[in-house]
$ cat final39.tsv   # TSV, C-alpha atoms
chain	number	residue	atom	x	y	z
A	1	MET	CA	13.36	24.48	30.71
A	2	PHE	CA	17.12	23.96	31.09
A	3	GLU	CA	18.13	21.19	28.67
A	4	TYR	CA	21.35	19.47	29.65
A	5	PHE	CA	20.47	16.73	27.15
A	6	PRO	CA	19.10	18.56	24.08
A	7	GLY	CA	15.88	16.96	22.85
A	8	ASN	CA	15.54	14.35	25.61
A	9	TYR	CA	12.63	15.65	27.68
A	10	VAL	CA	12.53	12.77	30.17
A	11	TRP	CA	16.22	12.95	31.08
A	12	ASN	CA	16.11	16.74	31.24
A	13	LEU	CA	13.18	16.54	33.65
A	14	SER	CA	15.33	14.55	36.07
A	15	VAL	CA	18.12	17.12	35.78
A	16	VAL	CA	15.91	20.14	36.50
A	17	ALA	CA	14.04	18.28	39.25
A	18	THR	CA	17.35	17.45	40.91
A	19	LEU	CA	18.75	20.96	40.61
A	20	ASN	CA	15.53	22.44	41.98
A	21	SER	CA	15.59	20.01	44.91
A	22	GLY	CA	18.98	20.87	46.34
A	23	GLY	CA	21.28	19.31	43.76
A	24	LEU	CA	24.49	21.17	42.92
A	25	ILE	CA	25.37	21.94	39.30
A	26	ASN	CA	28.95	20.69	39.67
A	27	GLU	CA	27.81	17.31	40.99
A	28	VAL	CA	24.96	16.99	38.50
A	29	ASP	CA	27.36	17.80	35.68
A	30	ARG	CA	29.78	15.11	36.91
A	31	ALA	CA	26.89	12.62	36.92
A	32	CYS	CA	25.59	13.58	33.48
A	33	ARG	CA	28.72	14.26	31.44
A	34	PRO	CA	29.72	10.57	31.01
A	35	ILE	CA	26.26	9.67	29.63
A	36	ARG	CA	25.66	12.67	27.39
A	37	ASP	CA	25.99	10.70	24.15
A	38	LEU	CA	23.55	8.02	25.36
A	39	ALA	CA	20.83	10.63	25.86
A	40	ALA	CA	20.70	11.25	22.12
A	41	ARG	CA	19.47	7.68	21.62
A	42	GLY	CA	16.15	8.22	23.41
A	43	SER	CA	14.86	8.12	26.96
A	44	ASP	CA	14.71	4.32	27.35
A	45	VAL	CA	18.25	3.59	26.18
A	46	GLY	CA	21.00	4.02	28.72
A	47	THR	CA	19.00	4.19	31.95
A	48	ALA	CA	21.23	1.55	33.57
A	49	GLU	CA	24.23	3.73	32.70
A	50	PHE	CA	22.32	6.71	34.07
A	51	MET	CA	22.01	4.87	37.37
A	52	ALA	CA	25.68	3.91	37.42
A	53	SER	CA	26.89	7.42	36.69
A	54	TRP	CA	24.67	9.13	39.24
A	55	THR	CA	25.47	6.42	41.81
A	56	ALA	CA	29.18	7.16	41.42
A	57	VAL	CA	28.58	10.76	42.49
A	58	ALA	CA	26.38	9.63	45.38
A	59	ASP	CA	29.08	7.17	46.47
A	60	ASP	CA	31.69	9.92	46.52
A	61	LEU	CA	29.41	12.15	48.57
A	62	THR	CA	28.71	9.36	51.02
A	63	VAL	CA	32.42	8.70	51.61
A	64	ARG	CA	32.97	12.38	52.32
A	65	ALA	CA	29.87	12.54	54.54
A	66	VAL	CA	31.17	9.66	56.65
A	67	ALA	CA	34.47	11.52	57.11
A	68	ASP	CA	32.58	14.70	58.10
A	69	GLU	CA	30.51	12.75	60.59
A	70	LYS	CA	33.57	11.17	62.17
A	71	GLY	CA	35.12	14.63	62.45
A	72	GLY	CA	32.06	15.94	64.30
A	73	HIS	CA	30.86	18.07	61.39
A	74	ARG	CA	27.24	16.98	61.56
A	75	ARG	CA	25.76	19.69	59.35
A	76	ALA	CA	28.27	19.15	56.54
A	77	ALA	CA	27.66	15.40	56.75
A	78	GLY	CA	23.89	15.77	56.72
A	79	GLN	CA	23.98	18.05	53.69
A	80	LYS	CA	26.09	15.58	51.74
A	81	TYR	CA	23.86	12.65	52.73
A	82	GLN	CA	20.85	14.64	51.54
A	83	ARG	CA	22.34	15.32	48.13
A	84	ALA	CA	23.38	11.68	47.80
A	85	ALA	CA	19.82	10.60	48.61
A	86	ASN	CA	18.45	13.11	46.11
A	87	TYR	CA	20.70	11.84	43.29
A	88	LEU	CA	19.94	8.19	43.99
A	89	ALA	CA	16.19	8.84	44.20
A	90	GLN	CA	16.22	10.56	40.81
A	91	ALA	CA	18.32	7.82	39.20
A	92	GLU	CA	16.16	5.07	40.71
A	93	ARG	CA	13.05	6.79	39.33
A	94	MET	CA	14.46	6.42	35.80
A	95	GLN	CA	14.84	2.63	35.84
A	96	SER	CA	12.52	0.05	34.35
A	97	ALA	CA	9.97	-1.25	36.82
A	98	HIS	CA	11.71	-4.51	37.68
A	99	ALA	CA	15.32	-3.59	36.95
A	100	PRO	CA	17.74	-5.84	38.88
A	101	GLY	CA	18.82	-4.27	42.14
A	102	ARG	CA	16.27	-1.46	42.01
A	103	ASN	CA	14.88	-2.15	45.47
A	104	THR	CA	18.40	-2.32	46.88
A	105	VAL	CA	19.03	1.18	45.58
A	106	TYR	CA	15.75	2.38	47.03
A	107	GLN	CA	16.55	0.84	50.41
A	108	ARG	CA	19.82	2.76	50.36
A	109	CYS	CA	17.85	5.96	49.70
A	110	LEU	CA	15.81	5.26	52.81
A	111	GLU	CA	18.94	4.74	54.90
A	112	LEU	CA	20.57	7.95	53.63
A	113	GLN	CA	17.39	9.89	54.28
A	114	GLN	CA	17.29	8.65	57.86
A	115	LYS	CA	20.88	9.84	58.32
A	116	VAL	CA	19.74	13.31	57.27
A	117	PHE	CA	16.97	13.36	59.87
A	118	ASP	CA	19.29	12.09	62.57
A	119	LEU	CA	22.00	14.64	61.83
A	120	ILE	CA	20.32	17.88	60.76
A	121	ASP	CA	16.52	17.61	60.80
A	122	PRO	CA	15.18	16.17	64.06
A	123	ALA	CA	11.79	17.76	63.35
A	124	THR	CA	11.25	15.16	60.59
A	125	THR	CA	10.65	11.54	61.50
A	126	ARG	CA	9.66	8.36	59.76
A	127	VAL	CA	6.08	7.29	60.52
A	128	ALA	CA	3.61	4.67	59.29
A	129	VAL	CA	-0.07	5.34	58.55
A	130	PRO	CA	-2.21	2.24	59.22
A	131	PHE	CA	-4.02	1.22	56.03
A	132	GLU	CA	-6.09	-1.90	55.33
A	133	GLY	CA	-3.91	-4.30	57.26
A	134	SER	CA	-0.74	-2.70	55.98
A	135	THR	CA	0.76	0.79	56.24
A	136	LEU	CA	1.44	3.85	54.13
A	137	PRO	CA	5.08	4.76	54.84
A	138	ALA	CA	5.53	8.49	55.42
A	139	TYR	CA	7.72	11.28	56.74
A	140	TYR	CA	6.29	13.73	59.24
A	141	THR	CA	7.74	17.22	59.69
A	142	ASP	CA	6.52	18.61	63.01
A	143	ALA	CA	6.09	22.37	63.17
A	144	SER	CA	4.47	22.37	66.62
A	145	ALA	CA	7.70	22.73	68.63
A	146	GLY	CA	6.08	20.26	71.01
A	147	ASP	CA	3.87	22.78	72.77
A	148	HIS	CA	0.70	23.26	70.69
A	149	ARG	CA	-1.51	21.77	67.98
A	150	THR	CA	-0.71	22.91	64.47
A	151	PRO	CA	-2.46	22.78	61.12
A	152	CYS	CA	-1.14	19.96	58.96
A	153	ILE	CA	-0.85	19.25	55.25
A	154	VAL	CA	-0.96	15.74	53.88
A	155	MET	CA	1.23	15.61	50.78
A	156	TRP	CA	0.76	12.95	48.12
A	157	ASN	CA	3.05	12.10	45.23
A	158	GLY	CA	2.23	11.06	41.68
A	159	LEU	CA	2.95	8.27	39.23
A	160	ASP	CA	6.71	8.11	39.68
A	161	SER	CA	7.79	10.28	42.61
A	162	THR	CA	8.37	9.21	46.21
A	163	LYS	CA	8.26	10.75	49.65
A	164	GLU	CA	12.02	11.25	49.28
A	165	HIS	CA	11.36	13.54	46.30
A	166	MET	CA	8.73	15.39	48.33
A	167	TYR	CA	11.15	15.93	51.18
A	168	ALA	CA	13.92	17.11	48.84
A	169	SER	CA	11.58	19.69	47.30
A	170	ASN	CA	11.79	21.63	50.59
A	171	PHE	CA	8.01	22.15	50.62
A	172	ALA	CA	7.65	20.75	54.14
A	173	GLN	CA	10.27	23.21	55.37
A	174	GLU	CA	8.41	26.08	53.69
A	175	LEU	CA	5.24	25.05	55.49
A	176	ALA	CA	7.06	24.62	58.80
A	177	THR	CA	8.25	28.24	58.68
A	178	ARG	CA	4.56	29.15	58.46
A	179	GLY	CA	3.66	27.01	61.48
A	180	ILE	CA	2.22	24.12	59.45
A	181	SER	CA	3.26	20.49	59.82
A	182	THR	CA	3.50	18.10	56.85
A	183	LEU	CA	2.79	14.40	56.41
A	184	MET	CA	4.57	13.21	53.21
A	185	VAL	CA	3.00	9.91	52.20
A	186	ASP	CA	3.95	7.14	49.81
A	187	CYS	CA	0.49	6.38	48.45
A	188	PRO	CA	-0.39	2.97	47.02
A	189	GLY	CA	1.35	2.74	43.67
A	190	SER	CA	4.32	4.86	44.71
A	191	GLY	CA	7.53	4.86	46.67
A	192	GLU	CA	7.93	2.41	49.50
A	193	ALA	CA	4.25	1.42	49.48
A	194	LEU	CA	4.71	-0.04	45.99
A	195	ARG	CA	8.33	-1.14	46.06
A	196	LEU	CA	8.50	-2.85	49.43
A	197	GLN	CA	4.85	-3.54	50.29
A	198	GLY	CA	3.24	-4.22	46.92
A	199	LEU	CA	0.39	-1.71	47.33
A	200	THR	CA	-0.92	-0.59	43.93
A	201	ALA	CA	-2.92	2.46	42.87
A	202	ARG	CA	-6.70	2.64	42.71
A	203	VAL	CA	-9.41	5.05	41.57
A	204	GLU	CA	-10.92	5.59	45.04
A	205	THR	CA	-8.28	7.73	46.69
A	206	GLU	CA	-10.64	8.78	49.47
A	207	ASP	CA	-9.68	5.45	51.09
A	208	TRP	CA	-6.10	6.68	51.55
A	209	ALA	CA	-7.31	10.09	52.65
A	210	ALA	CA	-9.42	8.60	55.41
A	211	ALA	CA	-6.42	6.64	56.69
A	212	CYS	CA	-4.24	9.76	56.71
A	213	VAL	CA	-6.84	11.86	58.51
A	214	ASP	CA	-7.44	9.09	61.08
A	215	TYR	CA	-3.71	8.96	61.76
A	216	LEU	CA	-3.34	12.73	62.16
A	217	ALA	CA	-6.48	13.09	64.26
A	218	ALA	CA	-4.99	10.66	66.77
A	219	ARG	CA	-1.86	12.80	67.23
A	220	ASP	CA	-1.76	15.33	70.04
A	221	ASP	CA	0.25	17.87	68.01
A	222	VAL	CA	-2.24	18.33	65.13
A	223	ASP	CA	-5.26	20.61	64.93
A	224	ASN	CA	-7.68	18.12	63.40
A	225	THR	CA	-9.97	20.91	62.16
A	226	GLN	CA	-7.15	22.14	59.91
A	227	ILE	CA	-5.92	19.17	57.93
A	228	GLY	CA	-5.39	19.87	54.24
A	229	LEU	CA	-4.32	17.79	51.26
A	230	VAL	CA	-1.81	18.57	48.50
A	231	GLY	CA	-1.14	16.26	45.57
A	232	TRP	CA	1.33	16.85	42.75
A	233	SER	CA	1.42	15.35	39.25
A	234	LEU	CA	-0.95	12.34	39.30
A	235	GLY	CA	-1.70	13.61	42.80
A	236	GLY	CA	-3.58	16.33	40.90
A	237	TYR	CA	-6.20	13.61	40.40
A	238	TYR	CA	-5.65	11.78	43.68
A	239	ALA	CA	-6.10	14.84	45.93
A	240	PRO	CA	-9.24	16.42	44.42
A	241	ARG	CA	-10.90	13.01	44.23
A	242	ALA	CA	-10.15	12.48	47.93
A	243	ALA	CA	-11.31	15.97	48.94
A	244	ALA	CA	-14.63	15.43	47.18
A	245	PHE	CA	-15.51	12.48	49.41
A	246	GLU	CA	-13.41	12.76	52.60
A	247	LYS	CA	-15.22	15.66	54.24
A	248	ARG	CA	-12.86	16.02	57.20
A	249	LEU	CA	-10.29	17.65	54.92
A	250	ALA	CA	-10.18	21.44	55.29
A	251	LEU	CA	-8.61	22.39	51.95
A	252	CYS	CA	-7.17	20.87	48.80
A	253	VAL	CA	-4.40	21.77	46.34
A	254	ALA	CA	-3.87	20.21	42.91
A	255	TRP	CA	-0.17	20.90	42.30
A	256	GLY	CA	-0.50	20.26	38.60
A	257	ALA	CA	-4.05	19.61	37.46
A	258	ASN	CA	-4.88	16.09	36.32
A	259	HIS	CA	-8.55	16.30	35.49
A	260	ASN	CA	-8.70	13.38	33.06
A	261	TRP	CA	-5.63	11.20	33.42
A	262	GLY	CA	-7.39	8.33	31.64
A	263	ALA	CA	-7.74	10.42	28.49
A	264	VAL	CA	-4.07	11.36	28.72
A	265	GLN	CA	-3.18	7.65	28.68
A	266	ARG	CA	-5.14	7.11	25.49
A	267	ARG	CA	-3.27	10.01	23.89
A	268	ARG	CA	0.03	8.52	25.04
A	269	ILE	CA	-0.80	5.31	23.22
A	270	GLU	CA	-1.00	7.52	20.13
A	271	ARG	CA	2.36	9.05	21.18
A	272	GLU	CA	0.92	12.47	21.93
A	273	GLY	CA	2.53	14.49	24.71
A	274	GLU	CA	5.60	13.70	26.80
A	275	ASN	CA	6.10	10.81	29.21
A	276	PRO	CA	7.38	11.44	32.75
A	277	VAL	CA	9.71	8.43	32.95
A	278	PRO	CA	11.53	6.01	30.64
A	279	HIS	CA	10.02	2.54	30.10
A	280	TYR	CA	6.65	4.25	30.51
A	281	TRP	CA	4.12	1.44	30.01
A	282	ASP	CA	6.21	-0.95	32.07
A	283	HIS	CA	6.09	1.59	34.88
A	284	VAL	CA	2.36	2.28	34.57
A	285	LEU	CA	1.40	-1.39	34.70
A	286	TRP	CA	3.55	-1.81	37.82
A	287	VAL	CA	1.93	1.16	39.56
A	288	TRP	CA	-1.62	0.05	38.82
A	289	GLY	CA	-1.05	-3.68	39.30
A	290	GLU	CA	-2.11	-4.68	35.79
A	291	SER	CA	-0.53	-7.20	33.46
A	292	ASP	CA	-1.42	-5.78	30.04
A	293	ILE	CA	-2.07	-2.40	28.48
A	294	ASP	CA	-5.61	-3.13	27.25
A	295	THR	CA	-6.82	-4.02	30.75
A	296	PHE	CA	-5.03	-1.01	32.21
A	297	ILE	CA	-6.50	1.41	29.68
A	298	SER	CA	-10.03	0.22	30.45
A	299	LYS	CA	-9.35	0.77	34.15
A	300	ALA	CA	-7.73	4.15	33.52
A	301	ASP	CA	-10.86	5.46	31.80
A	302	ALA	CA	-12.30	5.90	35.31
A	303	VAL	CA	-9.41	8.12	36.42
A	304	HIS	CA	-11.06	11.47	35.84
A	305	LEU	CA	-12.72	14.24	37.86
A	306	ASP	CA	-15.86	14.91	35.82
A	307	GLY	CA	-18.74	14.82	38.30
A	308	VAL	CA	-16.21	14.72	41.15
A	309	VAL	CA	-14.77	18.21	41.68
A	310	GLU	CA	-18.34	19.55	41.91
A	311	GLN	CA	-18.44	17.74	45.26
A	312	ILE	CA	-15.47	19.62	46.71
A	313	THR	CA	-16.87	21.92	49.41
A	314	VAL	CA	-13.60	23.29	50.83
A	315	PRO	CA	-11.07	25.83	49.51
A	316	PHE	CA	-9.45	24.47	46.35
A	317	LEU	CA	-6.30	25.69	44.58
A	318	ILE	CA	-5.21	24.48	41.16
A	319	ALA	CA	-1.61	25.39	40.26
A	320	HIS	CA	-0.48	24.52	36.75
A	321	GLY	CA	2.26	25.38	34.26
A	322	GLU	CA	1.24	26.91	30.95
A	323	ASN	CA	3.85	24.80	29.14
A	324	ASP	CA	3.14	21.49	30.89
A	325	ARG	CA	3.99	18.98	28.16
A	326	GLN	CA	2.47	16.05	30.03
A	327	ILE	CA	-0.91	17.38	31.19
A	328	PRO	CA	-2.54	20.11	29.05
A	329	ALA	CA	-3.39	23.37	30.81
A	330	ALA	CA	-6.95	22.94	29.55
A	331	TYR	CA	-7.42	20.35	32.30
A	332	ALA	CA	-6.57	22.95	34.93
A	333	HIS	CA	-9.30	25.19	33.57
A	334	ARG	CA	-11.76	22.29	33.53
A	335	SER	CA	-11.13	21.45	37.20
A	336	TYR	CA	-11.56	25.11	38.11
A	337	GLU	CA	-14.74	25.54	36.08
A	338	GLN	CA	-16.37	22.47	37.59
A	339	ALA	CA	-15.44	23.18	41.23
A	340	VAL	CA	-18.53	25.35	41.66
A	341	ASN	CA	-19.19	24.36	45.28
A	342	SER	CA	-15.78	25.29	46.65
A	343	PRO	CA	-16.11	28.41	48.82
A	344	LYS	CA	-12.66	29.57	47.68
A	345	ARG	CA	-11.48	28.24	44.36
A	346	GLU	CA	-8.40	29.61	42.64
A	347	LEU	CA	-6.60	28.81	39.41
A	348	ARG	CA	-2.95	29.87	39.18
A	349	ILE	CA	-1.25	29.38	35.83
A	350	PHE	CA	2.53	29.79	35.91
A	351	THR	CA	3.99	31.33	32.77
A	352	ALA	CA	7.24	30.80	30.93
A	353	ALA	CA	8.20	34.41	31.63
A	354	GLU	CA	8.17	33.85	35.40
A	355	GLY	CA	9.13	30.17	35.49
A	356	GLY	CA	7.22	27.21	36.84
A	357	ALA	CA	5.63	26.68	33.44
A	358	GLU	CA	6.65	23.02	33.07
A	359	HIS	CA	5.09	19.97	34.71
A	360	ILE	CA	4.38	20.77	38.40
A	361	GLY	CA	6.73	23.73	38.00
A	362	LEU	CA	9.85	21.56	37.98
A	363	ASP	CA	11.71	24.21	35.99
A	364	HIS	CA	11.31	26.70	38.89
A	365	LEU	CA	10.08	24.53	41.73
A	366	SER	CA	10.73	26.89	44.64
A	367	HIS	CA	8.69	29.65	42.97
A	368	VAL	CA	5.65	27.40	42.76
A	369	SER	CA	6.28	25.88	46.19
A	370	VAL	CA	6.36	29.25	47.95
A	371	PHE	CA	3.15	30.39	46.25
A	372	ILE	CA	1.33	27.23	47.33
A	373	ALA	CA	2.68	27.45	50.89
A	374	ASP	CA	1.49	31.06	51.18
A	375	TRP	CA	-1.95	30.16	49.82
A	376	ILE	CA	-2.27	27.35	52.35
A	377	ALA	CA	-1.13	29.54	55.25
A	378	ASP	CA	-3.50	32.34	54.23
A	379	THR	CA	-6.39	29.91	53.90
A	380	PHE	CA	-5.82	28.29	57.27
A	381	ARG	CA	-5.55	31.76	58.81
A	382	GLU	CA	-8.87	32.78	57.25
A	383	MET	CA	-10.52	29.68	58.69
A	384	SER	CA	-9.37	30.42	62.22

$ encode --input "final39.tsv" --output "structure tokens"
Amino acid sequence: MFEYFPGNYVWNLSVVATLNSGGLINEVDRACRPIRDLAARGSDVGTAEFMASWTAVADDLTVRAVADEKGGHRRAAGQKYQRAANYLAQAERMQSAHAPGRNTVYQRCLELQQKVFDLIDPATTRVAVPFEGSTLPAYYTDASAGDHRTPCIVMWNGLDSTKEHMYASNFAQELATRGISTLMVDCPGSGEALRLQGLTARVETEDWAAACVDYLAARDDVDNTQIGLVGWSLGGYYAPRAAAFEKRLALCVAWGANHNWGAVQRRRIEREGENPVPHYWDHVLWVWGESDIDTFISKADAVHLDGVVEQITVPFLIAHGENDRQIPAAYAHRSYEQAVNSPKRELRIFTAAEGGAEHIGLDHLSHVSVFIADWIADTFREMS
């Protein structure tokens, strides 16, 4: 993995995620160069400075985007707004859970993202999935061209990503070129659902799946016999769990296996393996709505797929990096071995030689993304 900050895995993960989601090396370098010395002091130190430095680059882009927009250069403006949103979303992800002004930054991300849709991506719109008296905020990329029903993928994030990260990954655009729409959802415990609506994570992810399928089934541009589910990172637990119990789903992808996330948390207490974000336990308690680590760990023991993936009865892909330093590749093999009732199960391990070997393939994200998109398109085609 490219290491802008030698030895600081967490900060490097943000850099490679940004670069593999449309960030430009010149702009990322301008954001990172002023904070290079801080990175040597650990992942938790300097995250406020990280935000300030990356925000400065986003501010500059926004000023130039406004000038482009006034000059009638909509595409140039939209591209700059997108990069600004990408940089802010990555910097916001790095902050402590209740850092002052964090929600203000996130609200700005939402506004920038809407500018992108308005200017250069009218096929993507903001939608809300009704859920237990509240909503799951989402982005919907429509591949139907308004004249037919299309297959659709529901995409779920993980512990610390948002629907803005999902959009920036370009996965929805890959699916759209294959005639597949995408619903990118902030699940409880993530993104807007957590930050602005206070919805926290839970073990029973089939509840969210049912809400998403209900929403899509009510649309007149979706083929409700071909609704699949993709989850990355912690979504590698969320999605298989949902597919085991929500039988209207037609396929499932674990983009990064997460067979026993509870066990991973116990190892992290012992400081084994890498964390995805700074201020890790602060972030985890926020996501799961717990006040202390002991209570959280007891709850997290139930976050596993033993006895669950056996109940998946649809095509199931597990895509995992051989050098994932957060979730051991052994968990990918365990999910595959236990998914005995899937009519089409596949395990794809991405190697260091080809790239995509790190967590959810962040070191070569497009390589992994294209493979998954092709697998989904092939599987939907086989069904029909």

$ atom_distance --input "final39.tsv" --atom1 "atom CA of Ser21 of chain A" --atom2 "atom CA of Ile153 of chain A"
19.4 Å

$ atom_distance --input "final39.tsv" --atom1 "atom CA of Gly198 of chain A" --atom2 "atom CA of Glu290 of chain A"
12.4 Å

$ residues_around --input "final39.tsv" --residues "segment 144-152 of chain A" --least-positions-apart "5" --cutoff "10 Å" --atoms "only C-alpha atoms" --output "PyMOL selection string"
chain A and resi 123+175-176+178-183+213+216+219-229+250+376-377+380-381

$ residues_around --input "final39.tsv" --residues "segment 78-84 of chain A" --least-positions-apart "2" --cutoff "9 Å" --atoms "all atoms listed in the file" --output "short mmCIF file (atom, residue, chain, number, x, y, z; two decimals) with C-alpha atoms, keeping the file's coordinate frame"
data_model
loop_
_atom_site.label_atom_id
_atom_site.label_comp_id
_atom_site.auth_asym_id
_atom_site.auth_seq_id
_atom_site.Cartn_x
_atom_site.Cartn_y
_atom_site.Cartn_z
CA SER A 21 15.59 20.01 44.91
CA GLY A 22 18.98 20.87 46.34
CA GLY A 23 21.28 19.31 43.76
CA LEU A 24 24.49 21.17 42.92
CA THR A 55 25.47 6.42 41.81
CA VAL A 57 28.58 10.76 42.49
CA ALA A 58 26.38 9.63 45.38
CA ASP A 59 29.08 7.17 46.47
CA ASP A 60 31.69 9.92 46.52
CA LEU A 61 29.41 12.15 48.57
CA THR A 62 28.71 9.36 51.02
CA ARG A 64 32.97 12.38 52.32
CA ALA A 65 29.87 12.54 54.54
CA VAL A 66 31.17 9.66 56.65
CA ASP A 68 32.58 14.70 58.10
CA GLU A 69 30.51 12.75 60.59
CA HIS A 73 30.86 18.07 61.39
CA ARG A 74 27.24 16.98 61.56
CA ARG A 75 25.76 19.69 59.35
CA ALA A 76 28.27 19.15 56.54
CA ASN A 86 18.45 13.11 46.11
CA TYR A 87 20.70 11.84 43.29
CA LEU A 88 19.94 8.19 43.99
CA ALA A 89 16.19 8.84 44.20
CA CYS A 109 17.85 5.96 49.70
CA LEU A 112 20.57 7.95 53.63
CA GLN A 113 17.39 9.89 54.28
CA LYS A 115 20.88 9.84 58.32
CA VAL A 116 19.74 13.31 57.27
CA PHE A 117 16.97 13.36 59.87
CA ASP A 118 19.29 12.09 62.57
CA LEU A 119 22.00 14.64 61.83
CA ILE A 120 20.32 17.88 60.76
CA ASP A 121 16.52 17.61 60.80
CA ALA A 168 13.92 17.11 48.84
#

$ closest_residue --input "final39.tsv" --among "A:Thr313, A:Ser298, A:Gln326, A:Asn26" --to "Glu272 of chain A" --atoms "only C-alpha atoms"
A:Gln326

$ residues_around --input "final39.tsv" --residues "Glu310 of chain A" --least-positions-apart "5" --cutoff "6 Å" --atoms "only C-alpha atoms" --output "VMD selection string"
chain A and resid 338 to 341

$ residues_around --input "final39.tsv" --residues "Ala210 of chain A" --least-positions-apart "2" --cutoff "12 Å" --atoms "all atoms listed in the file" --output "PyMOL selection string"
chain A and resi 129-132+136+154+204-208+212-217+227+229+239+242-249

$ closest_residue --input "final39.tsv" --among "A:Gly289, A:Gly101, A:Gly273, A:Gly307" --to "Asn323 of chain A" --atoms "only C-alpha atoms"
A:Gly273

$ atom_distance --input "final39.tsv" --atom1 "atom CA of Ala254 of chain A" --atom2 "atom CA of Pro240 of chain A"
6.7 Å

$ axis_aligned_box --input "final39.tsv" --around "segment 235-247 of chain A" --padding-each-side "8 Å" --output "lines of an AutoDock Vina configuration file"
center_x = -8.6
center_y = 14.1
center_z = 47.3
size_x = 29.8
size_y = 20.6
size_z = 29.8

$ closest_residue --input "final39.tsv" --among "A:Asp294, A:Tyr331, A:Leu251, A:Arg266" --to "Ile372 of chain A" --atoms "all atoms listed in the file"
A:Leu251

$ closest_atom_pairs --input "final39.tsv" --of "segment 269-304 of chain A" --to "segment 36-45 of chain A" --cutoff "12 Å" --atoms "all atoms listed in the file" --output "Markdown table"
| residue | atom | partner | partner_atom | distance |
| --- | --- | --- | --- | --- |
| A:Glu274 | CA | A:Ser43 | CA | 10.8 |
| A:Asn275 | CA | A:Ser43 | CA | 9.4 |
| A:Pro276 | CA | A:Ser43 | CA | 10.0 |
| A:Val277 | CA | A:Ser43 | CA | 7.9 |
| A:Pro278 | CA | A:Asp44 | CA | 4.9 |
| A:His279 | CA | A:Asp44 | CA | 5.7 |
| A:Tyr280 | CA | A:Asp44 | CA | 8.7 |
| A:Trp281 | CA | A:Asp44 | CA | 11.3 |
| A:Asp282 | CA | A:Asp44 | CA | 11.1 |
| A:His283 | CA | A:Asp44 | CA | 11.8 |

$ residues_near_point --input "final39.tsv" --point "(-1.1, 0.0, 44.5)" --cutoff "10 Å" --atoms "only C-alpha atoms" --output "list of chain:residue names"
A:Cys187, A:Pro188, A:Gly189, A:Ser190, A:Ala193, A:Leu194, A:Arg195, A:Gln197, A:Gly198, A:Leu199, A:Thr200, A:Ala201, A:Arg202, A:Trp286, A:Val287, A:Trp288, A:Gly289, A:Glu290

$ write_last_selection --input "final39.tsv" --atoms "C-alpha atoms" --output "compact mmCIF listing (two decimals), keeping the file's coordinate frame"
# COMPACT_ATOMS: atom_id res chain seq x y z
CA CYS A 187 0.49 6.38 48.45
CA PRO A 188 -0.39 2.97 47.02
CA GLY A 189 1.35 2.74 43.67
CA SER A 190 4.32 4.86 44.71
CA ALA A 193 4.25 1.42 49.48
CA LEU A 194 4.71 -0.04 45.99
CA ARG A 195 8.33 -1.14 46.06
CA GLN A 197 4.85 -3.54 50.29
CA GLY A 198 3.24 -4.22 46.92
CA LEU A 199 0.39 -1.71 47.33
CA THR A 200 -0.92 -0.59 43.93
CA ALA A 201 -2.92 2.46 42.87
CA ARG A 202 -6.70 2.64 42.71
CA TRP A 286 3.55 -1.81 37.82
CA VAL A 287 1.93 1.16 39.56
CA TRP A 288 -1.62 0.05 38.82
CA GLY A 289 -1.05 -3.68 39.30
CA GLU A 290 -2.11 -4.68 35.79

$ residues_around --input "final39.tsv" --residues "His333 of chain A" --least-positions-apart "4" --cutoff "8 Å" --atoms "all atoms listed in the file" --output "compact mmCIF listing (two decimals) with C-alpha atoms, in the coordinates of the input"
# COMPACT_ATOMS: atom_id res chain seq x y z
CA ALA A 329 -3.39 23.37 30.81
CA GLU A 337 -14.74 25.54 36.08
CA LEU A 347 -6.60 28.81 39.41

$ closest_residue --input "final39.tsv" --among "A:Leu317, A:Leu196, A:Val203, A:Ile349" --to "Ser134 of chain A" --atoms "all atoms listed in the file"
A:Leu196

$ closest_residue --input "final39.tsv" --among "A:Ile297, A:Leu285, A:Cys252, A:Met155" --to "Arg268 of chain A" --atoms "all atoms listed in the file"
A:Ile297

$ residues_near_point --input "final39.tsv" --point "(-7.2, 6.9, 33.4)" --cutoff "9 Å" --atoms "only C-alpha atoms" --output "VMD selection string"
chain A and resid 203 260 to 266 296 to 304

$ closest_residue --input "final39.tsv" --among "A:His259, A:Arg241, A:Arg271, A:Arg348" --to "Pro328 of chain A" --atoms "all atoms listed in the file"
A:His259
